[in-house]
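Source file: target-v7.csv; contents: CSV, N, CA and C atoms.
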chain,number,residue,atom,x,y,z
A,1,TYR,N,0.6,18.1,-9.2
A,1,TYR,CA,-0.6,17.7,-8.5
A,1,TYR,C,-0.3,17.5,-7.0
A,2,ILE,N,-1.2,17.8,-6.1
A,2,ILE,CA,-1.0,17.5,-4.7
A,2,ILE,C,-2.2,16.6,-4.2
A,3,LEU,N,-1.9,15.6,-3.5
A,3,LEU,CA,-2.9,14.7,-3.0
A,3,LEU,C,-3.1,15.0,-1.5
A,4,ASP,N,-4.3,15.5,-1.1
A,4,ASP,CA,-4.6,15.8,0.2
A,4,ASP,C,-5.3,14.6,0.8
A,5,TRP,N,-4.8,14.2,2.0
A,5,TRP,CA,-5.3,12.9,2.6
A,5,TRP,C,-6.7,13.2,3.3
A,6,GLY,N,-7.1,14.4,3.5
A,6,GLY,CA,-8.3,14.7,4.1
A,6,GLY,C,-8.3,14.6,5.6
A,7,ASP,N,-9.4,14.3,6.2
A,7,ASP,CA,-9.6,14.2,7.7
A,7,ASP,C,-9.7,12.8,8.1
A,8,ALA,N,-8.6,12.1,8.4
A,8,ALA,CA,-8.6,10.7,8.7
A,8,ALA,C,-9.6,10.3,9.8
A,9,PRO,N,-9.7,11.0,10.9
A,9,PRO,CA,-10.6,10.5,12.0
A,9,PRO,C,-12.1,10.5,11.5
A,10,HIS,N,-12.4,11.2,10.5
A,10,HIS,CA,-13.8,11.3,10.1
A,10,HIS,C,-14.1,10.7,8.7
A,11,ASP,N,-13.1,10.1,8.2
A,11,ASP,CA,-13.3,9.6,6.8
A,11,ASP,C,-13.1,8.0,6.8
A,12,PRO,N,-14.1,7.3,6.6
A,12,PRO,CA,-14.0,5.8,6.7
A,12,PRO,C,-13.0,5.3,5.7
A,13,GLY,N,-12.7,5.9,4.6
A,13,GLY,CA,-11.8,5.5,3.6
A,13,GLY,C,-10.3,5.7,4.0
A,14,LEU,N,-10.1,6.3,5.2
A,14,LEU,CA,-8.8,6.5,5.7
A,14,LEU,C,-8.5,5.8,7.0
A,15,GLN,N,-9.3,4.8,7.3
A,15,GLN,CA,-9.2,4.2,8.6
A,15,GLN,C,-8.1,3.1,8.7
A,16,SER,N,-7.5,2.7,7.6
A,16,SER,CA,-6.4,1.7,7.6
A,16,SER,C,-5.5,2.1,6.5
A,17,LEU,N,-4.2,1.7,6.7
A,17,LEU,CA,-3.2,1.9,5.6
A,17,LEU,C,-3.6,1.2,4.3
A,18,GLU,N,-4.1,0.0,4.5
A,18,GLU,CA,-4.5,-0.8,3.3
A,18,GLU,C,-5.6,-0.1,2.5
A,19,SER,N,-6.7,0.4,3.2
A,19,SER,CA,-7.7,1.1,2.4
A,19,SER,C,-7.2,2.4,1.8
A,20,LEU,N,-6.4,3.1,2.6
A,20,LEU,CA,-5.8,4.3,2.0
A,20,LEU,C,-5.0,4.0,0.8
A,21,MET,N,-4.2,3.0,0.8
A,21,MET,CA,-3.4,2.7,-0.4
A,21,MET,C,-4.3,2.2,-1.5
A,22,GLN,N,-5.1,1.2,-1.3
A,22,GLN,CA,-5.9,0.6,-2.3
A,22,GLN,C,-7.1,1.5,-2.8
A,23,GLU,N,-7.6,2.3,-2.0
A,23,GLU,CA,-8.8,3.1,-2.4
A,23,GLU,C,-8.5,4.5,-2.7
A,24,ARG,N,-7.3,5.0,-2.3
A,24,ARG,CA,-7.0,6.4,-2.5
A,24,ARG,C,-5.7,6.6,-3.3
A,25,LEU,N,-4.6,6.1,-2.8
A,25,LEU,CA,-3.3,6.4,-3.5
A,25,LEU,C,-3.1,5.7,-4.8
A,26,LEU,N,-3.3,4.4,-4.9
A,26,LEU,CA,-3.1,3.8,-6.2
A,26,LEU,C,-4.1,4.2,-7.2
A,27,PRO,N,-5.4,4.5,-6.9
A,27,PRO,CA,-6.3,5.0,-7.9
A,27,PRO,C,-5.8,6.4,-8.4
A,28,ALA,N,-5.3,7.2,-7.5
A,28,ALA,CA,-4.8,8.6,-7.8
A,28,ALA,C,-3.6,8.4,-8.8
A,29,LEU,N,-2.7,7.5,-8.5
A,29,LEU,CA,-1.6,7.3,-9.4
A,29,LEU,C,-2.1,6.8,-10.8
A,30,GLU,N,-3.1,6.0,-10.8
A,30,GLU,CA,-3.6,5.5,-12.1
A,30,GLU,C,-4.2,6.7,-12.9
A,31,ILE,N,-4.9,7.6,-12.2
A,31,ILE,CA,-5.4,8.8,-12.9
A,31,ILE,C,-4.3,9.7,-13.4
A,32,LEU,N,-3.2,9.8,-12.6
A,32,LEU,CA,-2.1,10.6,-13.0
A,32,LEU,C,-1.4,10.0,-14.3
A,33,HIS,N,-1.3,8.7,-14.3
A,33,HIS,CA,-0.7,8.0,-15.4
A,33,HIS,C,-1.6,8.2,-16.7
A,34,ALA,N,-2.9,8.1,-16.5
A,34,ALA,CA,-3.8,8.4,-17.7
A,34,ALA,C,-3.7,9.8,-18.2
A,35,ARG,N,-3.5,10.7,-17.3
A,35,ARG,CA,-3.4,12.1,-17.8
A,35,ARG,C,-2.0,12.5,-18.3
A,36,GLU,N,-0.9,12.0,-17.6
A,36,GLU,CA,0.4,12.5,-17.9
A,36,GLU,C,1.3,11.4,-18.6
A,37,GLY,N,1.0,10.2,-18.5
A,37,GLY,CA,1.9,9.1,-19.0
A,37,GLY,C,2.9,8.8,-17.9
A,38,THR,N,4.1,9.2,-18.1
A,38,THR,CA,5.1,8.9,-17.1
A,38,THR,C,5.1,10.1,-16.1
A,39,TYR,N,5.5,9.9,-14.9
A,39,TYR,CA,5.6,10.9,-13.9
A,39,TYR,C,6.5,10.5,-12.8
A,40,ALA,N,7.0,11.6,-12.0
A,40,ALA,CA,7.8,11.4,-10.8
A,40,ALA,C,6.9,11.8,-9.7
A,41,ALA,N,7.2,11.2,-8.5
A,41,ALA,CA,6.4,11.6,-7.3
A,41,ALA,C,7.3,11.8,-6.1
A,42,ILE,N,6.8,12.8,-5.3
A,42,ILE,CA,7.5,13.1,-4.0
A,42,ILE,C,6.5,12.9,-2.9
A,43,GLY,N,6.9,12.2,-1.9
A,43,GLY,CA,6.0,12.0,-0.7
A,43,GLY,C,6.7,12.5,0.5
A,44,TYR,N,6.0,13.3,1.3
A,44,TYR,CA,6.5,13.9,2.5
A,44,TYR,C,5.9,13.3,3.8
A,45,CYS,N,6.7,12.9,4.8
A,45,CYS,CA,6.3,12.4,6.0
A,45,CYS,C,5.5,11.1,5.7
A,46,MET,N,4.3,10.9,6.2
A,46,MET,CA,3.6,9.6,6.0
A,46,MET,C,3.3,9.5,4.5
A,47,GLY,N,3.2,10.6,3.8
A,47,GLY,CA,3.0,10.5,2.3
A,47,GLY,C,4.2,9.8,1.7
A,48,GLY,N,5.4,10.0,2.2
A,48,GLY,CA,6.6,9.3,1.7
A,48,GLY,C,6.6,7.8,2.0
A,49,THR,N,6.1,7.5,3.2
A,49,THR,CA,6.0,6.1,3.6
A,49,THR,C,5.0,5.4,2.7
A,50,LEU,N,3.8,6.0,2.5
A,50,LEU,CA,2.8,5.4,1.7
A,50,LEU,C,3.2,5.3,0.2
A,51,LEU,N,3.9,6.4,-0.3
A,51,LEU,CA,4.5,6.3,-1.6
A,51,LEU,C,5.4,5.2,-1.8
A,52,ALA,N,6.3,4.9,-0.8
A,52,ALA,CA,7.2,3.8,-0.9
A,52,ALA,C,6.4,2.5,-1.0
A,53,GLY,N,5.3,2.3,-0.3
A,53,GLY,CA,4.5,1.1,-0.4
A,53,GLY,C,3.9,1.0,-1.8
A,54,ALA,N,3.4,2.1,-2.3
A,54,ALA,CA,2.8,2.2,-3.6
A,54,ALA,C,3.8,1.9,-4.7
A,55,ALA,N,5.0,2.5,-4.6
A,55,ALA,CA,6.1,2.2,-5.5
A,55,ALA,C,6.5,0.8,-5.6
A,56,ALA,N,6.4,0.1,-4.5
A,56,ALA,CA,6.8,-1.3,-4.4
A,56,ALA,C,5.8,-2.2,-5.3
A,57,GLN,N,4.6,-1.6,-5.5
A,57,GLN,CA,3.6,-2.3,-6.3
A,57,GLN,C,3.8,-2.0,-7.8
A,58,ARG,N,4.8,-1.1,-8.1
A,58,ARG,CA,5.1,-0.8,-9.5
A,58,ARG,C,3.9,-0.2,-10.3
A,59,PRO,N,3.4,0.9,-9.8
A,59,PRO,CA,2.2,1.5,-10.6
A,59,PRO,C,2.7,1.9,-12.0
A,60,PRO,N,1.9,1.8,-13.0
A,60,PRO,CA,2.3,2.2,-14.3
A,60,PRO,C,2.6,3.7,-14.4
A,61,GLY,N,3.7,4.0,-15.1
A,61,GLY,CA,4.0,5.4,-15.3
A,61,GLY,C,5.0,6.0,-14.3
A,62,LEU,N,5.1,5.4,-13.1
A,62,LEU,CA,6.0,6.0,-12.1
A,62,LEU,C,7.4,5.7,-12.5
A,63,THR,N,8.2,6.8,-12.7
A,63,THR,CA,9.6,6.6,-13.1
A,63,THR,C,10.6,7.0,-12.0
A,64,GLN,N,10.2,7.8,-11.1
A,64,GLN,CA,11.1,8.2,-10.0
A,64,GLN,C,10.2,8.5,-8.8
A,65,ALA,N,10.8,8.2,-7.6
A,65,ALA,CA,10.1,8.5,-6.4
A,65,ALA,C,11.1,9.1,-5.4
A,66,VAL,N,10.6,10.1,-4.6
A,66,VAL,CA,11.4,10.7,-3.6
A,66,VAL,C,10.6,10.6,-2.3
A,67,PHE,N,11.3,10.2,-1.2
A,67,PHE,CA,10.6,10.0,0.1
A,67,PHE,C,11.3,11.0,1.1
A,68,LEU,N,10.6,12.1,1.4
A,68,LEU,CA,11.2,13.1,2.3
A,68,LEU,C,10.6,12.9,3.7
A,69,ALA,N,11.5,12.8,4.7
A,69,ALA,CA,11.1,12.7,6.1
A,69,ALA,C,10.1,11.6,6.3
A,70,ALA,N,10.3,10.5,5.6
A,70,ALA,CA,9.3,9.4,5.7
A,70,ALA,C,9.6,8.4,6.9
A,71,PRO,N,8.7,8.4,7.9
A,71,PRO,CA,9.0,7.5,9.0
A,71,PRO,C,8.9,6.0,8.6
A,72,TRP,N,9.6,5.2,9.3
A,72,TRP,CA,9.6,3.8,9.0
A,72,TRP,C,9.4,3.0,10.2
A,73,ASP,N,10.2,3.1,11.2
A,73,ASP,CA,10.1,2.4,12.5
A,73,ASP,C,9.2,3.1,13.4
A,74,PHE,N,7.9,2.7,13.4
A,74,PHE,CA,6.9,3.3,14.2
A,74,PHE,C,7.0,2.9,15.7
A,75,HIS,N,7.8,2.0,16.0
A,75,HIS,CA,8.0,1.6,17.4
A,75,HIS,C,9.4,2.0,18.0
A,76,GLY,N,10.1,2.9,17.3
A,76,GLY,CA,11.4,3.2,17.6
A,76,GLY,C,11.6,4.2,18.8
A,77,GLY,N,10.5,4.6,19.3
A,77,GLY,CA,10.5,5.6,20.5
A,77,GLY,C,10.6,7.0,20.0
A,78,ASP,N,11.1,7.9,20.9
A,78,ASP,CA,11.1,9.3,20.6
A,78,ASP,C,12.1,9.6,19.5
So, in terms of structure tokens, how does the structure I just supplied come out?
Amino acid sequence: YILDWGDAPHDPGLQSLESLMQERLLPALEILHAREGTYAAIGYCMGGTLLAGAAAQRPPGLTQAVFLAAPWDFHGGD
């Protein structure tokens, strides 16, 4: 499965990290759990950072998570 974040500037559901996590990512993981049972997830770039936040909430079924090129320090400069 691939989760496409859509067009953030024009989508009210993507205007904050909290709404993105609570209204998009965690519900998607719940659907994945309902369909597949256990699953592993890979997040790339901001998807990795968001997946790390979701994984910290221990969604049911998530057994492994990989975070590729996931930014963390947004004030670290160039």
Would you please work out which residue, of A:Leu14, A:Val66, A:Ile2, A:Cys45, is nearest to Leu32 (chain A) when using only C-alpha atoms?
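Nearest candidate to Leu32 (chain A) out of A:Leu14, A:Val66, A:Ile2, A:Cys45: A:Ile2.
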Enumerate, as a PyMOL selection string, the complete set of residues in chain A that a backbone-based DSSP assignment places in helix (DSSP H, G or I).
chain A and resi 8-10+12-14+17-36+46-56
Residues of the last selection are to be written out with N, CA and C atoms, as a compact mmCIF listing (two decimals), keeping the file's coordinate frame.
# COMPACT_ATOMS: atom_id res chain seq x y z
N ALA A 8 -8.60 12.10 8.40
CA ALA A 8 -8.60 10.70 8.70
C ALA A 8 -9.60 10.30 9.80
N PRO A 9 -9.70 11.00 10.90
CA PRO A 9 -10.60 10.50 12.00
C PRO A 9 -12.10 10.50 11.50
N HIS A 10 -12.40 11.20 10.50
CA HIS A 10 -13.80 11.30 10.10
C HIS A 10 -14.10 10.70 8.70
N PRO A 12 -14.10 7.30 6.60
CA PRO A 12 -14.00 5.80 6.70
C PRO A 12 -13.00 5.30 5.70
N GLY A 13 -12.70 5.90 4.60
CA GLY A 13 -11.80 5.50 3.60
C GLY A 13 -10.30 5.70 4.00
N LEU A 14 -10.10 6.30 5.20
CA LEU A 14 -8.80 6.50 5.70
C LEU A 14 -8.50 5.80 7.00
N LEU A 17 -4.20 1.70 6.70
CA LEU A 17 -3.20 1.90 5.60
C LEU A 17 -3.60 1.20 4.30
N GLU A 18 -4.10 0.00 4.50
CA GLU A 18 -4.50 -0.80 3.30
C GLU A 18 -5.60 -0.10 2.50
N SER A 19 -6.70 0.40 3.20
CA SER A 19 -7.70 1.10 2.40
C SER A 19 -7.20 2.40 1.80
N LEU A 20 -6.40 3.10 2.60
CA LEU A 20 -5.80 4.30 2.00
C LEU A 20 -5.00 4.00 0.80
N MET A 21 -4.20 3.00 0.80
CA MET A 21 -3.40 2.70 -0.40
C MET A 21 -4.30 2.20 -1.50
N GLN A 22 -5.10 1.20 -1.30
CA GLN A 22 -5.90 0.60 -2.30
C GLN A 22 -7.10 1.50 -2.80
N GLU A 23 -7.60 2.30 -2.00
CA GLU A 23 -8.80 3.10 -2.40
C GLU A 23 -8.50 4.50 -2.70
N ARG A 24 -7.30 5.00 -2.30
CA ARG A 24 -7.00 6.40 -2.50
C ARG A 24 -5.70 6.60 -3.30
N LEU A 25 -4.60 6.10 -2.80
CA LEU A 25 -3.30 6.40 -3.50
C LEU A 25 -3.10 5.70 -4.80
N LEU A 26 -3.30 4.40 -4.90
CA LEU A 26 -3.10 3.80 -6.20
C LEU A 26 -4.10 4.20 -7.20
N PRO A 27 -5.40 4.50 -6.90
CA PRO A 27 -6.30 5.00 -7.90
C PRO A 27 -5.80 6.40 -8.40
N ALA A 28 -5.30 7.20 -7.50
CA ALA A 28 -4.80 8.60 -7.80
C ALA A 28 -3.60 8.40 -8.80
N LEU A 29 -2.70 7.50 -8.50
CA LEU A 29 -1.60 7.30 -9.40
C LEU A 29 -2.10 6.80 -10.80
N GLU A 30 -3.10 6.00 -10.80
CA GLU A 30 -3.60 5.50 -12.10
C GLU A 30 -4.20 6.70 -12.90
N ILE A 31 -4.90 7.60 -12.20
CA ILE A 31 -5.40 8.80 -12.90
C ILE A 31 -4.30 9.70 -13.40
N LEU A 32 -3.20 9.80 -12.60
CA LEU A 32 -2.10 10.60 -13.00
C LEU A 32 -1.40 10.00 -14.30
N HIS A 33 -1.30 8.70 -14.30
CA HIS A 33 -0.70 8.00 -15.40
C HIS A 33 -1.60 8.20 -16.70
N ALA A 34 -2.90 8.10 -16.50
CA ALA A 34 -3.80 8.40 -17.70
C ALA A 34 -3.70 9.80 -18.20
N ARG A 35 -3.50 10.70 -17.30
CA ARG A 35 -3.40 12.10 -17.80
C ARG A 35 -2.00 12.50 -18.30
N GLU A 36 -0.90 12.00 -17.60
CA GLU A 36 0.40 12.50 -17.90
C GLU A 36 1.30 11.40 -18.60
N MET A 46 4.30 10.90 6.20
CA MET A 46 3.60 9.60 6.00
C MET A 46 3.30 9.50 4.50
N GLY A 47 3.20 10.60 3.80
CA GLY A 47 3.00 10.50 2.30
C GLY A 47 4.20 9.80 1.70
N GLY A 48 5.40 10.00 2.20
CA GLY A 48 6.60 9.30 1.70
C GLY A 48 6.60 7.80 2.00
N THR A 49 6.10 7.50 3.20
CA THR A 49 6.00 6.10 3.60
C THR A 49 5.00 5.40 2.70
N LEU A 50 3.80 6.00 2.50
CA LEU A 50 2.80 5.40 1.70
C LEU A 50 3.20 5.30 0.20
N LEU A 51 3.90 6.40 -0.30
CA LEU A 51 4.50 6.30 -1.60
C LEU A 51 5.40 5.20 -1.80
N ALA A 52 6.30 4.90 -0.80
CA ALA A 52 7.20 3.80 -0.90
C ALA A 52 6.40 2.50 -1.00
N GLY A 53 5.30 2.30 -0.30
CA GLY A 53 4.50 1.10 -0.40
C GLY A 53 3.90 1.00 -1.80
N ALA A 54 3.40 2.10 -2.30
CA ALA A 54 2.80 2.20 -3.60
C ALA A 54 3.80 1.90 -4.70
N ALA A 55 5.00 2.50 -4.60
CA ALA A 55 6.10 2.20 -5.50
C ALA A 55 6.50 0.80 -5.60
N ALA A 56 6.40 0.10 -4.50
CA ALA A 56 6.80 -1.30 -4.40
C ALA A 56 5.80 -2.20 -5.30
Counting all atoms listed in the file, what is within 8 Å of His33 (chain A), bar same-chain residues fewer than 3 positions away, as a PyMOL selection string?
chain A and resi 27-30+36-39+59-62
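For Phe67 (chain A), the residues within 9 Å (counting only C-alpha atoms, excluding itself and residues fewer than 5 positions away along the chain) are Ala41, Ile42, Gly43, Tyr44, Cys45, Gly47, Gly48, Thr49, Leu51 and Ala52 of chain A.
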Keeping N, CA and C atoms, export the residues of the selection given above as a CSV table (one decimal), keeping the file's coordinate frame.
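The new file selection-v3.csv reads:
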chain,number,residue,atom,x,y,z
A,41,ALA,N,7.2,11.2,-8.5
A,41,ALA,CA,6.4,11.6,-7.3
A,41,ALA,C,7.3,11.8,-6.1
A,42,ILE,N,6.8,12.8,-5.3
A,42,ILE,CA,7.5,13.1,-4.0
A,42,ILE,C,6.5,12.9,-2.9
A,43,GLY,N,6.9,12.2,-1.9
A,43,GLY,CA,6.0,12.0,-0.7
A,43,GLY,C,6.7,12.5,0.5
A,44,TYR,N,6.0,13.3,1.3
A,44,TYR,CA,6.5,13.9,2.5
A,44,TYR,C,5.9,13.3,3.8
A,45,CYS,N,6.7,12.9,4.8
A,45,CYS,CA,6.3,12.4,6.0
A,45,CYS,C,5.5,11.1,5.7
A,47,GLY,N,3.2,10.6,3.8
A,47,GLY,CA,3.0,10.5,2.3
A,47,GLY,C,4.2,9.8,1.7
A,48,GLY,N,5.4,10.0,2.2
A,48,GLY,CA,6.6,9.3,1.7
A,48,GLY,C,6.6,7.8,2.0
A,49,THR,N,6.1,7.5,3.2
A,49,THR,CA,6.0,6.1,3.6
A,49,THR,C,5.0,5.4,2.7
A,51,LEU,N,3.9,6.4,-0.3
A,51,LEU,CA,4.5,6.3,-1.6
A,51,LEU,C,5.4,5.2,-1.8
A,52,ALA,N,6.3,4.9,-0.8
A,52,ALA,CA,7.2,3.8,-0.9
A,52,ALA,C,6.4,2.5,-1.0
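Atom pair CA of Trp72 (chain A) / CA of Gly6 (chain A) has a distance of 21.5 Å (rounded to one decimal).
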What is the distance, in Å and to one decimal place, between CA of Pro9 (chain A) and CA of Leu68 (chain A)?
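According to the coordinates, CA of Pro9 (chain A) and CA of Leu68 (chain A) are separated by 24.0 Å.
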Reconstruct region 1-27 of chain A at the level of N, CA, C and O atoms, and format the result as a PDB file, in the coordinates of the input.
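As a result, rebuild-v7.pdb now contains:
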ATOM      1  N   TYR A   1       0.600  18.100  -9.200  1.00  0.00           N
ATOM      2  CA  TYR A   1      -0.600  17.700  -8.500  1.00  0.00           C
ATOM      3  C   TYR A   1      -0.300  17.500  -7.000  1.00  0.00           C
ATOM      4  O   TYR A   1       0.846  17.043  -6.686  1.00  0.00           O
ATOM      5  N   ILE A   2      -1.200  17.800  -6.100  1.00  0.00           N
ATOM      6  CA  ILE A   2      -1.000  17.500  -4.700  1.00  0.00           C
ATOM      7  C   ILE A   2      -2.200  16.600  -4.200  1.00  0.00           C
ATOM      8  O   ILE A   2      -3.354  16.900  -4.566  1.00  0.00           O
ATOM      9  N   LEU A   3      -1.900  15.600  -3.500  1.00  0.00           N
ATOM     10  CA  LEU A   3      -2.900  14.700  -3.000  1.00  0.00           C
ATOM     11  C   LEU A   3      -3.100  15.000  -1.500  1.00  0.00           C
ATOM     12  O   LEU A   3      -2.143  14.926  -0.700  1.00  0.00           O
ATOM     13  N   ASP A   4      -4.300  15.500  -1.100  1.00  0.00           N
ATOM     14  CA  ASP A   4      -4.600  15.800   0.200  1.00  0.00           C
ATOM     15  C   ASP A   4      -5.300  14.600   0.800  1.00  0.00           C
ATOM     16  O   ASP A   4      -6.276  14.127   0.299  1.00  0.00           O
ATOM     17  N   TRP A   5      -4.800  14.200   2.000  1.00  0.00           N
ATOM     18  CA  TRP A   5      -5.300  12.900   2.600  1.00  0.00           C
ATOM     19  C   TRP A   5      -6.700  13.200   3.300  1.00  0.00           C
ATOM     20  O   TRP A   5      -7.331  12.225   3.629  1.00  0.00           O
ATOM     21  N   GLY A   6      -7.100  14.400   3.500  1.00  0.00           N
ATOM     22  CA  GLY A   6      -8.300  14.700   4.100  1.00  0.00           C
ATOM     23  C   GLY A   6      -8.300  14.600   5.600  1.00  0.00           C
ATOM     24  O   GLY A   6      -7.242  14.813   6.215  1.00  0.00           O
ATOM     25  N   ASP A   7      -9.400  14.300   6.200  1.00  0.00           N
ATOM     26  CA  ASP A   7      -9.600  14.200   7.700  1.00  0.00           C
ATOM     27  C   ASP A   7      -9.700  12.800   8.100  1.00  0.00           C
ATOM     28  O   ASP A   7     -10.867  12.284   8.192  1.00  0.00           O
ATOM     29  N   ALA A   8      -8.600  12.100   8.400  1.00  0.00           N
ATOM     30  CA  ALA A   8      -8.600  10.700   8.700  1.00  0.00           C
ATOM     31  C   ALA A   8      -9.600  10.300   9.800  1.00  0.00           C
ATOM     32  O   ALA A   8     -10.281   9.267   9.610  1.00  0.00           O
ATOM     33  N   PRO A   9      -9.700  11.000  10.900  1.00  0.00           N
ATOM     34  CA  PRO A   9     -10.600  10.500  12.000  1.00  0.00           C
ATOM     35  C   PRO A   9     -12.100  10.500  11.500  1.00  0.00           C
ATOM     36  O   PRO A   9     -12.854   9.709  12.100  1.00  0.00           O
ATOM     37  N   HIS A  10     -12.400  11.200  10.500  1.00  0.00           N
ATOM     38  CA  HIS A  10     -13.800  11.300  10.100  1.00  0.00           C
ATOM     39  C   HIS A  10     -14.100  10.700   8.700  1.00  0.00           C
ATOM     40  O   HIS A  10     -15.230  10.862   8.241  1.00  0.00           O
ATOM     41  N   ASP A  11     -13.100  10.100   8.200  1.00  0.00           N
ATOM     42  CA  ASP A  11     -13.300   9.600   6.800  1.00  0.00           C
ATOM     43  C   ASP A  11     -13.100   8.000   6.800  1.00  0.00           C
ATOM     44  O   ASP A  11     -11.957   7.593   7.056  1.00  0.00           O
ATOM     45  N   PRO A  12     -14.100   7.300   6.600  1.00  0.00           N
ATOM     46  CA  PRO A  12     -14.000   5.800   6.700  1.00  0.00           C
ATOM     47  C   PRO A  12     -13.000   5.300   5.700  1.00  0.00           C
ATOM     48  O   PRO A  12     -12.376   4.210   5.921  1.00  0.00           O
ATOM     49  N   GLY A  13     -12.700   5.900   4.600  1.00  0.00           N
ATOM     50  CA  GLY A  13     -11.800   5.500   3.600  1.00  0.00           C
ATOM     51  C   GLY A  13     -10.300   5.700   4.000  1.00  0.00           C
ATOM     52  O   GLY A  13      -9.407   5.197   3.372  1.00  0.00           O
ATOM     53  N   LEU A  14     -10.100   6.300   5.200  1.00  0.00           N
ATOM     54  CA  LEU A  14      -8.800   6.500   5.700  1.00  0.00           C
ATOM     55  C   LEU A  14      -8.500   5.800   7.000  1.00  0.00           C
ATOM     56  O   LEU A  14      -7.583   6.162   7.716  1.00  0.00           O
ATOM     57  N   GLN A  15      -9.300   4.800   7.300  1.00  0.00           N
ATOM     58  CA  GLN A  15      -9.200   4.200   8.600  1.00  0.00           C
ATOM     59  C   GLN A  15      -8.100   3.100   8.700  1.00  0.00           C
ATOM     60  O   GLN A  15      -7.731   2.673   9.778  1.00  0.00           O
ATOM     61  N   SER A  16      -7.500   2.700   7.600  1.00  0.00           N
ATOM     62  CA  SER A  16      -6.400   1.700   7.600  1.00  0.00           C
ATOM     63  C   SER A  16      -5.500   2.100   6.500  1.00  0.00           C
ATOM     64  O   SER A  16      -5.842   2.708   5.489  1.00  0.00           O
ATOM     65  N   LEU A  17      -4.200   1.700   6.700  1.00  0.00           N
ATOM     66  CA  LEU A  17      -3.200   1.900   5.600  1.00  0.00           C
ATOM     67  C   LEU A  17      -3.600   1.200   4.300  1.00  0.00           C
ATOM     68  O   LEU A  17      -3.371   1.698   3.235  1.00  0.00           O
ATOM     69  N   GLU A  18      -4.100   0.000   4.500  1.00  0.00           N
ATOM     70  CA  GLU A  18      -4.500  -0.800   3.300  1.00  0.00           C
ATOM     71  C   GLU A  18      -5.600  -0.100   2.500  1.00  0.00           C
ATOM     72  O   GLU A  18      -5.505   0.053   1.262  1.00  0.00           O
ATOM     73  N   SER A  19      -6.700   0.400   3.200  1.00  0.00           N
ATOM     74  CA  SER A  19      -7.700   1.100   2.400  1.00  0.00           C
ATOM     75  C   SER A  19      -7.200   2.400   1.800  1.00  0.00           C
ATOM     76  O   SER A  19      -7.585   2.751   0.724  1.00  0.00           O
ATOM     77  N   LEU A  20      -6.400   3.100   2.600  1.00  0.00           N
ATOM     78  CA  LEU A  20      -5.800   4.300   2.000  1.00  0.00           C
ATOM     79  C   LEU A  20      -5.000   4.000   0.800  1.00  0.00           C
ATOM     80  O   LEU A  20      -5.117   4.767  -0.223  1.00  0.00           O
ATOM     81  N   MET A  21      -4.200   3.000   0.800  1.00  0.00           N
ATOM     82  CA  MET A  21      -3.400   2.700  -0.400  1.00  0.00           C
ATOM     83  C   MET A  21      -4.300   2.200  -1.500  1.00  0.00           C
ATOM     84  O   MET A  21      -4.111   2.650  -2.642  1.00  0.00           O
ATOM     85  N   GLN A  22      -5.100   1.200  -1.300  1.00  0.00           N
ATOM     86  CA  GLN A  22      -5.900   0.600  -2.300  1.00  0.00           C
ATOM     87  C   GLN A  22      -7.100   1.500  -2.800  1.00  0.00           C
ATOM     88  O   GLN A  22      -7.394   1.407  -4.030  1.00  0.00           O
ATOM     89  N   GLU A  23      -7.600   2.300  -2.000  1.00  0.00           N
ATOM     90  CA  GLU A  23      -8.800   3.100  -2.400  1.00  0.00           C
ATOM     91  C   GLU A  23      -8.500   4.500  -2.700  1.00  0.00           C
ATOM     92  O   GLU A  23      -9.305   5.227  -3.315  1.00  0.00           O
ATOM     93  N   ARG A  24      -7.300   5.000  -2.300  1.00  0.00           N
ATOM     94  CA  ARG A  24      -7.000   6.400  -2.500  1.00  0.00           C
ATOM     95  C   ARG A  24      -5.700   6.600  -3.300  1.00  0.00           C
ATOM     96  O   ARG A  24      -5.719   7.193  -4.407  1.00  0.00           O
ATOM     97  N   LEU A  25      -4.600   6.100  -2.800  1.00  0.00           N
ATOM     98  CA  LEU A  25      -3.300   6.400  -3.500  1.00  0.00           C
ATOM     99  C   LEU A  25      -3.100   5.700  -4.800  1.00  0.00           C
ATOM    100  O   LEU A  25      -2.810   6.405  -5.818  1.00  0.00           O
ATOM    101  N   LEU A  26      -3.300   4.400  -4.900  1.00  0.00           N
ATOM    102  CA  LEU A  26      -3.100   3.800  -6.200  1.00  0.00           C
ATOM    103  C   LEU A  26      -4.100   4.200  -7.200  1.00  0.00           C
ATOM    104  O   LEU A  26      -3.668   4.457  -8.381  1.00  0.00           O
ATOM    105  N   PRO A  27      -5.400   4.500  -6.900  1.00  0.00           N
ATOM    106  CA  PRO A  27      -6.300   5.000  -7.900  1.00  0.00           C
ATOM    107  C   PRO A  27      -5.800   6.400  -8.400  1.00  0.00           C
ATOM    108  O   PRO A  27      -5.926   6.767  -9.573  1.00  0.00           O
TER     109      PRO A  27
END
